[in-house]
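Coordinates from input_4.cif are shown below (mmCIF, C-alpha atoms).
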```cif
data_query
#
loop_
_atom_site.label_atom_id
_atom_site.label_comp_id
_atom_site.auth_asym_id
_atom_site.auth_seq_id
_atom_site.Cartn_x
_atom_site.Cartn_y
_atom_site.Cartn_z
CA MET A 1 172.78 -142.35 -161.67
CA LEU A 2 172.98 -142.58 -157.91
CA THR A 3 175.38 -140.12 -156.28
CA ILE A 4 176.23 -141.15 -152.74
CA THR A 5 178.88 -140.19 -150.21
CA ARG A 6 181.46 -142.77 -149.20
CA GLU A 7 180.30 -142.44 -145.61
CA LEU A 8 176.67 -143.35 -146.41
CA ARG A 9 177.75 -146.22 -148.64
CA ASP A 10 179.99 -147.55 -145.87
CA HIS A 11 177.09 -147.36 -143.37
CA ILE A 12 174.94 -149.52 -145.66
CA VAL A 13 177.70 -152.08 -146.19
CA ALA A 14 178.42 -152.24 -142.44
CA HIS A 15 174.72 -152.79 -141.69
CA ALA A 16 174.53 -155.59 -144.27
CA ARG A 17 177.65 -157.25 -142.83
CA LYS A 18 176.37 -156.94 -139.27
CA ASP A 19 173.01 -158.60 -140.00
CA HIS A 20 174.42 -161.31 -142.27
CA PRO A 21 173.16 -164.06 -142.82
CA ASP A 22 169.80 -162.30 -142.40
CA GLU A 23 168.87 -159.62 -144.90
CA ALA A 24 169.43 -156.05 -143.72
CA CYS A 25 167.26 -153.16 -144.90
CA GLY A 26 166.83 -149.44 -144.50
CA ILE A 27 166.72 -146.13 -146.30
CA LEU A 28 168.73 -143.04 -147.00
CA ALA A 29 166.64 -139.92 -146.67
CA GLY A 30 167.39 -136.69 -148.48
CA PRO A 31 165.79 -133.29 -149.02
CA ALA A 32 162.77 -133.74 -151.32
CA GLY A 33 163.52 -133.06 -154.96
CA THR A 34 167.31 -133.09 -154.64
CA ASP A 35 167.93 -136.78 -155.41
CA ARG A 36 170.85 -136.61 -152.95
CA PRO A 37 170.74 -138.87 -149.90
CA THR A 38 171.99 -137.26 -146.70
CA ARG A 39 170.70 -139.31 -143.75
CA PHE A 40 171.25 -142.99 -142.92
CA ILE A 41 168.22 -144.72 -141.39
CA PRO A 42 168.70 -148.45 -140.74
CA MET A 43 165.35 -150.23 -140.36
CA THR A 44 164.34 -153.37 -138.51
CA ASN A 45 163.82 -156.35 -140.79
CA ALA A 46 160.53 -157.53 -139.25
CA ALA A 47 160.92 -160.82 -141.15
CA ARG A 48 164.39 -161.52 -139.64
CA SER A 49 165.07 -163.83 -142.53
CA PRO A 50 167.99 -164.75 -144.81
CA THR A 51 165.66 -164.62 -147.85
CA PHE A 52 163.10 -161.90 -147.10
CA TYR A 53 162.89 -158.42 -145.66
CA GLU A 54 160.00 -156.28 -144.58
CA PHE A 55 160.08 -152.97 -142.74
CA ASP A 56 158.32 -153.01 -139.39
CA SER A 57 155.08 -151.17 -140.23
CA THR A 58 154.98 -149.02 -137.10
CA GLU A 59 158.62 -148.01 -137.44
CA GLN A 60 158.02 -147.23 -141.11
CA PHE A 61 155.13 -144.93 -140.26
CA GLN A 62 157.23 -143.03 -137.72
CA VAL A 63 160.16 -142.63 -140.10
CA TRP A 64 157.93 -141.57 -143.00
CA ARG A 65 156.18 -139.00 -140.83
CA GLU A 66 159.49 -137.65 -139.59
CA MET A 67 160.72 -137.27 -143.19
CA ASP A 68 157.48 -135.54 -144.13
CA ASP A 69 157.86 -133.11 -141.23
CA VAL A 70 161.33 -132.02 -142.30
CA GLY A 71 160.76 -132.07 -146.07
CA GLU A 72 162.67 -135.25 -146.84
CA GLU A 73 161.89 -138.27 -148.96
CA PRO A 74 163.30 -141.81 -149.18
CA VAL A 75 165.96 -141.24 -151.85
CA VAL A 76 167.45 -144.71 -151.43
CA ILE A 77 165.79 -147.94 -150.28
CA TYR A 78 168.43 -150.57 -149.60
CA HIS A 79 168.53 -154.21 -148.65
CA SER A 80 170.99 -157.06 -148.77
CA HIS A 81 171.02 -160.44 -150.44
CA THR A 82 173.13 -162.77 -148.36
CA ALA A 83 173.60 -165.78 -150.65
CA THR A 84 172.85 -164.45 -154.14
CA GLU A 85 173.93 -161.59 -156.36
CA ALA A 86 172.98 -157.95 -155.81
CA TYR A 87 170.25 -157.99 -158.43
CA PRO A 88 166.51 -157.50 -157.78
CA SER A 89 164.66 -160.80 -157.36
CA ARG A 90 161.16 -161.36 -158.67
CA THR A 91 159.91 -160.61 -155.15
CA ASP A 92 161.85 -157.32 -155.09
CA ILE A 93 160.40 -156.29 -158.43
CA GLY A 94 156.84 -157.32 -157.57
CA LEU A 95 156.84 -155.40 -154.29
CA ALA A 96 158.74 -152.26 -155.36
CA ALA A 97 156.35 -149.40 -154.67
CA GLU A 98 158.52 -146.27 -154.69
CA PRO A 99 159.04 -145.36 -158.35
CA GLY A 100 161.08 -142.30 -157.38
CA ALA A 101 163.57 -144.18 -155.22
CA HIS A 102 166.96 -145.68 -156.00
CA TYR A 103 166.83 -149.33 -154.99
CA VAL A 104 170.25 -150.30 -153.68
CA LEU A 105 171.16 -153.96 -153.36
CA VAL A 106 174.17 -155.22 -151.49
CA SER A 107 175.39 -158.79 -151.65
CA THR A 108 177.29 -160.22 -148.70
CA ARG A 109 177.65 -163.71 -150.20
CA ASP A 110 181.43 -163.18 -150.53
CA GLU A 111 183.17 -162.54 -147.22
CA ASP A 112 185.83 -160.30 -148.69
CA GLN A 113 184.02 -158.46 -151.45
CA THR A 114 180.72 -156.62 -151.19
CA GLU A 115 178.68 -156.00 -154.32
CA PHE A 116 176.91 -152.61 -154.17
CA ARG A 117 174.55 -151.87 -157.05
CA SER A 118 171.66 -149.49 -157.70
CA TYR A 119 168.46 -149.79 -159.74
CA ARG A 120 165.28 -148.02 -160.67
CA ILE A 121 162.24 -150.26 -160.46
CA VAL A 122 159.17 -148.78 -162.15
CA ASP A 123 156.06 -150.77 -163.09
CA GLY A 124 157.98 -154.02 -162.99
CA ASP A 125 160.84 -152.73 -165.17
CA VAL A 126 164.34 -152.86 -163.72
CA THR A 127 167.05 -150.49 -164.91
CA GLU A 128 170.51 -150.65 -163.40
CA GLU A 129 172.25 -147.32 -162.97
CA PRO A 130 175.82 -146.29 -162.24
CA VAL A 131 176.81 -145.42 -158.67
CA ALA A 132 179.04 -142.39 -158.18
CA VAL A 133 180.75 -142.40 -154.80
CA VAL A 134 181.81 -138.94 -153.66
CA GLU A 135 183.65 -137.73 -150.59
CA MET B 136 134.57 -132.11 -141.06
CA ALA B 137 135.67 -135.27 -142.70
CA ILE B 138 138.37 -137.90 -142.49
CA GLU B 139 141.65 -136.94 -144.06
CA VAL B 140 143.31 -139.67 -146.12
CA ARG B 141 146.98 -139.46 -147.09
CA ILE B 142 147.79 -141.11 -150.38
CA PRO B 143 151.27 -142.43 -151.30
CA THR B 144 152.96 -141.40 -154.56
CA ILE B 145 152.27 -144.69 -156.28
CA LEU B 146 148.48 -144.37 -155.80
CA ARG B 147 148.15 -140.70 -156.74
CA THR B 148 147.16 -141.68 -160.27
CA TYR B 149 143.77 -142.39 -158.68
CA THR B 150 143.53 -138.99 -156.98
CA ASP B 151 144.62 -136.71 -159.85
CA GLY B 152 147.96 -136.34 -158.14
CA ALA B 153 146.50 -135.24 -154.81
CA LYS B 154 148.62 -136.08 -151.77
CA GLN B 155 145.59 -136.08 -149.53
CA VAL B 156 141.88 -136.48 -150.06
CA GLU B 157 138.85 -136.51 -147.78
CA GLY B 158 136.17 -139.07 -147.19
CA THR B 159 133.42 -140.15 -144.84
CA GLY B 160 132.28 -143.33 -143.15
CA SER B 161 132.04 -144.89 -139.73
CA THR B 162 134.43 -147.75 -140.44
CA LEU B 163 137.54 -148.04 -142.59
CA ASP B 164 135.57 -150.25 -144.96
CA GLU B 165 132.89 -147.57 -145.42
CA LEU B 166 135.55 -144.90 -145.84
CA ILE B 167 137.25 -146.88 -148.62
CA ASN B 168 133.90 -147.41 -150.36
CA ASP B 169 133.23 -143.68 -150.11
CA LEU B 170 136.65 -142.87 -151.62
CA GLU B 171 135.99 -145.32 -154.44
CA GLN B 172 133.02 -143.15 -155.55
CA ARG B 173 135.37 -140.28 -156.44
CA HIS B 174 138.63 -142.14 -156.96
CA GLY B 175 137.65 -145.19 -158.98
CA GLY B 176 140.20 -148.00 -158.86
CA LEU B 177 141.64 -147.08 -155.48
CA ARG B 178 139.68 -149.75 -153.62
CA ALA B 179 141.17 -152.58 -155.66
CA ARG B 180 144.67 -151.34 -154.89
CA LEU B 181 143.95 -151.44 -151.16
CA LEU B 182 141.84 -154.58 -150.88
CA ASP B 183 141.68 -158.04 -152.36
CA ASP B 184 139.18 -160.83 -151.73
CA ALA B 185 140.73 -161.52 -148.33
CA GLY B 186 140.56 -157.90 -147.12
CA LEU B 187 143.43 -155.45 -146.80
CA ARG B 188 146.23 -156.35 -149.16
CA ARG B 189 149.20 -157.98 -147.48
CA PHE B 190 151.70 -155.35 -148.64
CA VAL B 191 149.62 -152.23 -148.13
CA ASN B 192 149.82 -150.59 -144.72
CA VAL B 193 146.89 -148.49 -143.53
CA TYR B 194 147.18 -146.44 -140.37
CA LEU B 195 144.49 -144.75 -138.32
CA ASN B 196 146.22 -141.69 -136.90
CA ASP B 197 149.51 -143.36 -135.93
CA GLU B 198 148.41 -146.97 -135.47
CA ASP B 199 148.52 -149.78 -138.05
CA VAL B 200 144.87 -150.86 -138.48
CA ARG B 201 146.00 -154.50 -138.38
CA PHE B 202 146.56 -153.94 -134.66
CA LEU B 203 143.09 -152.39 -134.39
CA ALA B 204 140.07 -153.96 -136.06
CA GLY B 205 141.28 -154.03 -139.67
CA LEU B 206 138.57 -152.97 -142.11
CA GLN B 207 136.07 -152.77 -139.24
CA THR B 208 138.18 -150.17 -137.42
CA GLN B 209 135.95 -147.30 -136.34
CA VAL B 210 136.79 -143.93 -137.89
CA LYS B 211 135.40 -140.48 -137.21
CA ASP B 212 135.58 -136.90 -138.40
CA GLY B 213 138.96 -135.39 -137.63
CA ASP B 214 140.84 -138.66 -137.93
CA THR B 215 143.73 -139.07 -140.32
CA VAL B 216 144.12 -142.27 -142.31
CA THR B 217 147.51 -142.85 -143.93
CA VAL B 218 148.21 -145.38 -146.67
CA LEU B 219 151.82 -146.51 -147.16
CA PRO B 220 152.98 -149.30 -149.41
CA ALA B 221 154.93 -151.82 -147.34
CA VAL B 222 158.64 -151.84 -148.08
CA ALA B 223 159.51 -155.48 -148.58
CA GLY B 224 161.29 -157.94 -150.85
CA GLY B 225 164.26 -160.22 -150.65
CA ALA B 226 166.12 -162.96 -152.41
CA GLY B 227 162.98 -165.10 -152.13
#
```
Once more with this new file: its structure as structure tokens, please.
Amino acid sequence: MLTITRELRDHIVAHARKDHPDEACGILAGPAGTDRPTRFIPMTNAARSPTFYEFDSTEQFQVWREMDDVGEEPVVIYHSHTATEAYPSRTDIGLAAEPGAHYVLVSTRDEDQTEFRSYRIVDGDVTEEPVAVVE
Amino acid sequence: MAIEVRIPTILRTYTDGAKQVEGTGSTLDELINDLEQRHGGLRARLLDDAGLRRFVNVYLNDEDVRFLAGLQTQVKDGDTVTVLPAVAGGAG
């Protein structure tokens, strides 16, 4: 299960809406070992595409080093799908390389309703998990 | 002295769980071949026939080696090489 504050969830949804129709991406960092995200870090989608996302490699290095310095890890890796459902695509599954992370997908295909779902992706296996939103 | 190499979680199966290992070489290519001697299988996760894998990022100190000389990037004792899997995907 992913436990996330309403504030962090709202940040992700707002980022996805802002970048629509391109895919938005980023992470939520949290203290290592706690499984609780505490810090919102939107990332540049270097692909600037409606069907693909890729973190800018230099920005990724800086963010990862910063997390390492303060004892954090990427608890959540999120991105949006802008014309399809919030379910990992074959590309998402093939490229998922953080077995400890919660992969959050947001769909902005409907203007009024945002799908927000979370998955574990380990060795090509996708498992959806419940999302508990807390205050 | 040697070159320090930081290994991401997903590749630590090749380093007995170690977060960082050491190696030697004068280029990134030589360093990876040196690591392969002690951490068999690692090379194939970093390289394919065309060179560095598209979705593996390798940094010399704080610079992506793609902006340097790729596998021919010069390395020396005291340098830090960091491997990070690219974070990528999308509806496709």
Could you please tell me, as a PyMOL selection string, which residues of chain B have an atom within 6 Å of chain A when using all atoms listed in the file?
chain B and resi 222-227
Would you translate the PyMOL selection byres ((chain A and resi 75) around 8) into the concrete set of residues it matches in this file, as a PyMOL selection string?
chain A and resi 27-30+35-37+73-74+76-77+100-102
Would you output that residue set with C-alpha atoms, as an mmCIF file, in the coordinates of the input?
```cif
data_model
loop_
_atom_site.group_PDB
_atom_site.id
_atom_site.type_symbol
_atom_site.label_atom_id
_atom_site.label_comp_id
_atom_site.auth_asym_id
_atom_site.auth_seq_id
_atom_site.Cartn_x
_atom_site.Cartn_y
_atom_site.Cartn_z
ATOM 1 C CA ILE A 27 166.720 -146.130 -146.300
ATOM 2 C CA LEU A 28 168.730 -143.040 -147.000
ATOM 3 C CA ALA A 29 166.640 -139.920 -146.670
ATOM 4 C CA GLY A 30 167.390 -136.690 -148.480
ATOM 5 C CA ASP A 35 167.930 -136.780 -155.410
ATOM 6 C CA ARG A 36 170.850 -136.610 -152.950
ATOM 7 C CA PRO A 37 170.740 -138.870 -149.900
ATOM 8 C CA GLU A 73 161.890 -138.270 -148.960
ATOM 9 C CA PRO A 74 163.300 -141.810 -149.180
ATOM 10 C CA VAL A 76 167.450 -144.710 -151.430
ATOM 11 C CA ILE A 77 165.790 -147.940 -150.280
ATOM 12 C CA GLY A 100 161.080 -142.300 -157.380
ATOM 13 C CA ALA A 101 163.570 -144.180 -155.220
ATOM 14 C CA HIS A 102 166.960 -145.680 -156.000
#
```
Work out how far apart atom CA of Ser107 of chain A and atom CA of Leu8 of chain A are and give it in Å to one decimal.
16.4 Å
What would the selection look like, as a PyMOL selection string, if the PyMOL selection byres ((chain B and resi 165-167) around 12) were run on the coordinates I just shared?
chain B and resi 137-140+156-164+168-182+186-187+193+195+206-212+214-218
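Here atom CA of Asp68 of chain A and atom CA of Gly205 of chain B stand 25.0 Å from one another.
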Skipping near chain neighbours, those fewer than 4 positions away, what residues fall within 8 Å of Glu135 of chain A using only C-alpha atoms, listed as a list in words?
Thr5, Arg6 and Glu7 of chain A
Could you please take those selected residues and save C-alpha atoms as a compact mmCIF listing (two decimals), keeping the file's coordinate frame?
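Final file, out.txt:
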```
# COMPACT_ATOMS: atom_id res chain seq x y z
CA THR A 5 178.88 -140.19 -150.21
CA ARG A 6 181.46 -142.77 -149.20
CA GLU A 7 180.30 -142.44 -145.61
```
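Note that the spacing between atom CA of Asp151 of chain B and atom CA of Arg189 of chain B amounts to 25.0 Å.
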Give me, as an MDAnalysis selection string, all polymer residues having an atom no more than 7 Å from Pro143 of chain B, counting all atoms listed in the file and skipping those fewer than 3 positions away in the same chain.
chainID B and resid 146:147 154 218:219
Fewer than 3 positions away in the same chain doesn't count, so skip those; otherwise give me all residues within 12 Å of Gln113 of chain A, counting all atoms listed in the file, as a PyMOL selection string.
chain A and resi 13+17+85-86+106-110+116
Output file for the selection above: C-alpha atoms, as a CSV table (one decimal), in the frame of the given file:
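And here's again.csv as it stands now:
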```
chain,number,residue,atom,x,y,z
A,13,VAL,CA,177.7,-152.1,-146.2
A,17,ARG,CA,177.6,-157.2,-142.8
A,85,GLU,CA,173.9,-161.6,-156.4
A,86,ALA,CA,173.0,-158.0,-155.8
A,106,VAL,CA,174.2,-155.2,-151.5
A,107,SER,CA,175.4,-158.8,-151.6
A,108,THR,CA,177.3,-160.2,-148.7
A,109,ARG,CA,177.6,-163.7,-150.2
A,110,ASP,CA,181.4,-163.2,-150.5
A,116,PHE,CA,176.9,-152.6,-154.2
```
